[in-house]
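This is upload_17.tsv (TSV, C-alpha atoms).
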chain	number	residue	atom	x	y	z
A	1	PRO	CA	-1.60	9.70	-5.05
A	2	ALA	CA	-1.57	12.29	-7.86
A	3	TYR	CA	-3.47	9.88	-10.15
A	4	ALA	CA	-6.69	10.23	-8.11
A	5	GLY	CA	-9.46	11.73	-10.23
A	6	SER	CA	-7.37	11.74	-13.42
A	7	LYS	CA	-9.87	9.68	-15.47
A	8	GLU	CA	-12.43	12.55	-15.31
A	9	GLN	CA	-15.07	10.08	-14.06
A	10	LEU	CA	-15.65	7.56	-11.29
A	11	SER	CA	-13.12	4.75	-11.85
A	12	THR	CA	-12.74	1.44	-10.04
A	13	VAL	CA	-10.35	-1.49	-10.20
A	14	LEU	CA	-10.83	-4.84	-8.50
A	15	LEU	CA	-7.90	-7.26	-8.65
A	16	HIS	CA	-7.22	-10.76	-7.37
A	17	ARG	CA	-3.88	-12.47	-7.88
A	18	SER	CA	-2.85	-15.95	-6.76
A	19	GLN	CA	0.73	-17.11	-7.22
A	20	TRP	CA	2.20	-20.59	-6.91
A	21	VAL	CA	-1.29	-22.11	-6.81
A	22	GLY	CA	-1.35	-25.42	-4.96
A	23	PHE	CA	1.61	-24.59	-2.67
A	24	LYS	CA	0.96	-24.22	1.05
A	25	GLY	CA	1.20	-20.55	2.11
A	26	ALA	CA	1.33	-19.32	-1.50
A	27	PRO	CA	1.06	-15.54	-2.04
A	28	MET	CA	-2.41	-14.12	-2.63
A	29	THR	CA	-3.42	-10.47	-3.14
A	30	GLN	CA	-6.72	-8.65	-3.47
A	31	THR	CA	-6.95	-4.93	-4.23
A	32	LEU	CA	-9.83	-2.49	-4.56
A	33	ALA	CA	-9.11	1.00	-5.89
A	34	ILE	CA	-11.70	3.68	-6.50
A	35	HIS	CA	-11.21	7.34	-7.42
A	36	ALA	CA	-13.14	10.25	-8.91
A	37	PRO	CA	-12.81	13.97	-9.68
A	38	PHE	CA	-14.64	16.61	-7.61
A	39	ARG	CA	-15.11	20.42	-7.55
A	40	GLN	CA	-15.06	21.29	-11.24
A	41	ARG	CA	-12.58	18.42	-11.70
A	42	SER	CA	-9.66	20.20	-10.01
A	43	VAL	CA	-9.71	17.84	-7.01
A	44	GLY	CA	-9.47	14.07	-7.09
A	45	LEU	CA	-10.29	11.73	-4.21
A	46	GLY	CA	-9.42	8.06	-3.96
A	47	LEU	CA	-9.58	4.97	-1.77
A	48	ASN	CA	-7.34	1.89	-1.87
A	49	ILE	CA	-7.93	-1.32	0.09
A	50	ILE	CA	-5.18	-3.92	-0.20
A	51	ASN	CA	-5.18	-7.43	1.30
A	52	ASP	CA	-1.94	-9.38	0.90
A	53	LYS	CA	-1.18	-12.85	2.32
A	54	ILE	CA	1.94	-14.99	2.12
A	55	GLY	CA	2.74	-17.87	4.43
A	56	PRO	CA	2.22	-16.88	8.08
A	57	THR	CA	1.84	-13.16	7.31
A	58	SER	CA	-1.05	-11.04	6.15
A	59	ASN	CA	-1.19	-7.32	5.48
A	60	LEU	CA	-4.29	-5.18	5.20
A	61	GLY	CA	-3.95	-1.62	3.94
A	62	ILE	CA	-6.62	1.08	3.93
A	63	LEU	CA	-5.49	4.30	2.23
A	64	THR	CA	-7.15	7.50	1.04
A	65	ALA	CA	-5.78	9.89	-1.59
A	66	TYR	CA	-6.25	13.58	-2.32
A	67	ALA	CA	-5.03	15.14	-5.57
A	68	TYR	CA	-5.13	18.74	-6.76
A	69	ARG	CA	-4.83	19.39	-10.51
A	70	ILE	CA	-4.02	22.54	-12.46
A	71	ARG	CA	-3.75	23.27	-16.17
A	72	ALA	CA	-0.15	23.39	-17.37
A	73	GLY	CA	0.50	23.92	-21.07
A	74	LYS	CA	-1.38	21.30	-23.09
A	75	GLY	CA	-1.96	19.07	-20.07
A	76	LYS	CA	-2.59	18.91	-16.36
A	77	LEU	CA	-0.16	18.92	-13.46
A	78	SER	CA	-1.37	17.03	-10.41
A	79	PHE	CA	-0.06	17.01	-6.83
A	80	GLY	CA	-1.23	14.23	-4.51
A	81	LEU	CA	-1.11	13.07	-0.91
A	82	ARG	CA	-2.07	9.62	0.33
A	83	GLY	CA	-2.45	8.50	3.91
A	84	GLY	CA	-3.78	5.53	5.74
A	85	ALA	CA	-2.81	2.53	7.80
A	86	TYR	CA	-1.52	-1.00	7.32
A	87	ASN	CA	-2.16	-3.91	9.64
A	88	TYR	CA	0.71	-6.39	9.65
A	89	ALA	CA	-0.42	-9.72	11.15
A	90	PHE	CA	1.71	-12.79	11.92
A	91	ASN	CA	0.27	-16.25	12.63
A	92	TRP	CA	3.15	-18.07	14.33
A	93	ASN	CA	1.26	-21.40	14.26
A	94	LYS	CA	1.67	-21.55	10.47
A	95	ILE	CA	5.46	-21.85	10.79
A	96	GLU	CA	7.12	-25.26	10.95
A	97	TYR	CA	9.73	-24.97	13.70
A	98	LYS	CA	12.81	-27.17	13.78
A	99	ASP	CA	12.92	-26.79	17.56
A	100	GLN	CA	9.44	-26.84	19.16
A	101	ALA	CA	10.91	-25.05	22.21
A	102	GLU	CA	10.84	-21.88	20.09
A	103	LEU	CA	7.05	-21.91	20.53
A	104	THR	CA	7.19	-21.66	24.34
A	105	GLY	CA	5.34	-18.60	25.64
A	106	MET	CA	4.47	-17.30	22.18
A	107	ASP	CA	1.09	-15.88	21.27
A	108	ALA	CA	-0.54	-17.71	18.38
A	109	LYS	CA	-1.07	-14.44	16.50
A	110	THR	CA	0.26	-10.90	16.68
A	111	ASN	CA	-0.65	-7.85	14.67
A	112	HIS	CA	0.48	-4.27	14.43
A	113	TRP	CA	-1.14	-1.19	12.85
A	114	ILE	CA	1.13	1.47	11.34
A	115	PRO	CA	0.34	4.81	9.69
A	116	VAL	CA	1.71	5.47	6.18
A	117	PHE	CA	1.99	8.66	4.13
A	118	ASP	CA	2.92	9.10	0.45
A	119	TYR	CA	3.39	12.05	-1.91
A	120	GLY	CA	3.22	12.20	-5.69
A	121	MET	CA	3.22	14.42	-8.77
A	122	ARG	CA	1.95	13.66	-12.28
A	123	TYR	CA	1.81	15.52	-15.58
A	124	ASN	CA	-0.37	14.28	-18.42
A	125	THR	CA	-1.66	15.31	-21.82
A	126	ASN	CA	-4.02	13.38	-24.11
A	127	ASN	CA	-1.21	11.05	-25.24
A	128	PHE	CA	1.62	11.35	-22.69
A	129	TYR	CA	2.09	11.06	-18.93
A	130	VAL	CA	4.97	11.16	-16.46
A	131	GLY	CA	4.83	10.93	-12.70
A	132	PHE	CA	6.54	9.94	-9.51
A	133	THR	CA	5.52	8.83	-6.04
A	134	MET	CA	7.56	8.95	-2.85
A	135	ALA	CA	6.15	6.24	-0.61
A	136	ASN	CA	6.52	5.81	3.15
A	137	ILE	CA	7.52	9.42	3.77
A	138	ASN	CA	7.16	8.88	7.52
A	139	ARG	CA	9.34	5.70	7.49
A	140	PRO	CA	6.90	3.70	9.65
A	141	ILE	CA	8.25	1.00	11.95
A	142	ILE	CA	6.64	-2.42	12.37
A	143	ARG	CA	7.30	-3.67	15.91
A	144	VAL	CA	6.34	-7.18	16.93
A	145	SER	CA	6.70	-8.76	20.35
A	146	ASN	CA	4.81	-11.42	22.24
A	147	THR	CA	3.59	-11.46	25.82
A	148	ALA	CA	6.45	-13.63	27.04
A	149	ASP	CA	9.00	-11.21	25.53
A	150	SER	CA	10.86	-14.15	24.03
A	151	LEU	CA	10.39	-12.72	20.56
A	152	ARG	CA	10.92	-9.12	19.50
A	153	PHE	CA	11.72	-7.60	16.17
A	154	SER	CA	11.18	-4.43	14.27
A	155	SER	CA	11.38	-3.47	10.65
A	156	VAL	CA	11.41	-0.04	9.00
A	157	LEU	CA	9.46	0.57	5.81
A	158	ASN	CA	11.99	2.73	4.00
A	159	ARG	CA	11.10	5.54	1.65
A	160	TYR	CA	11.20	4.68	-2.01
A	161	VAL	CA	10.37	6.41	-5.28
A	162	ASN	CA	8.32	5.03	-8.17
A	163	VAL	CA	8.63	6.76	-11.55
A	164	THR	CA	6.13	6.14	-14.34
A	165	ALA	CA	5.91	7.41	-17.89
A	166	GLY	CA	4.00	6.46	-21.00
A	167	TYR	CA	3.13	7.61	-24.47
Write out the structure in this file as structure tokens.
Amino acid sequence: PAYAGSKEQLSTVLLHRSQWVGFKGAPMTQTLAIHAPFRQRSVGLGLNIINDKIGPTSNLGILTAYAYRIRAGKGKLSFGLRGGAYNYAFNWNKIEYKDQAELTGMDAKTNHWIPVFDYGMRYNTNNFYVGFTMANINRPIIRVSNTADSLRFSSVLNRYVNVTAGY
């Protein structure tokens, strides 16, 4: 989140990645990221859209970022917040069941929206940067159940920290 606006101009990234091409249900990801500085370049705003598919699951994330930057020594110190939502979708018809009775009463598809919040800090100069992000601060829970109540599960997206540095 603290990276938003750090390029001092409008910046965009568009990514597509296909793995294990030719295999049924192979992972595929598309990402759009856009960010820019505002208000005499002390504020950065960003948008991330992430579409991720693997097998019977697909995840769509829509996230916005806000960063505030201050001068610190020879560089800039940035504090950032990111928030948004993910949609976790499951297509149960794409699973090959050993026992077809497991399909009884199940909806063909289920999906669940969850809110997510992240925090980050970053320090950079012209030739050095270091930063960290704490993701999933709110520890969102994905809950899935079908109308027949024969299937229920939940999963917590635990907090984790990413650390980056470069020269």
- Item | Shortest interatomic distance to A:Ala2 - which of A:Ala26, A:Met121, A:Ile62, A:Ile34, counting all atoms listed in the file | A:Met121
- Spatial neighbours of A:Leu60, 8 Å, all atoms listed in the file, chain gap at least 4 places, as a list of chain:residue names: A:Ile49, A:Ile50, A:Asn51, A:Asp52, A:Tyr86, A:Asn87, A:Tyr88
- Would you work out the distance separating atom CA of A:Thr64 from atom CA of A:Pro1, expressed in Å to one decimal?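 Straight-line distance from atom CA of A:Thr64 to atom CA of A:Pro1 works out to 8.5 Å.
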- Query: Given the choices A:Arg159, A:Lys94, A:Arg82, A:Arg71, which gets closest to A:Gly25 if the distance is worked out from all atoms listed in the file?
  - Reply: A:Lys94
- Message: Under the rule that only C-alpha atoms are counted, which of A:Ala4, A:Ala67, A:Ala36, A:Ile54 is the nearest residue to A:Lys24?
- Response: A:Ile54
- Message: I'd like the contact shell of A:Ala85 - 9 Å cut-off, only C-alpha atoms, skipping same-chain residues fewer than 4 positions apart - returned as a PyMOL selection string.
- Response: chain A and resi 60-63+113-117
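With all atoms listed in the file as the atoms that count, the residue of A:Ala33, A:Val156, A:Ile141, A:Ala165 with the shortest distance to A:Thr125 is A:Ala165.
Interatomic distance, atom CA of A:Asp118 to atom CA of A:Gln19: 27.4 Å.
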- Query: Can you tell me how far atom CA of A:Val161 sits from atom CA of A:Gly80, in Å to one decimal?
  - Reply: 14.0 Å
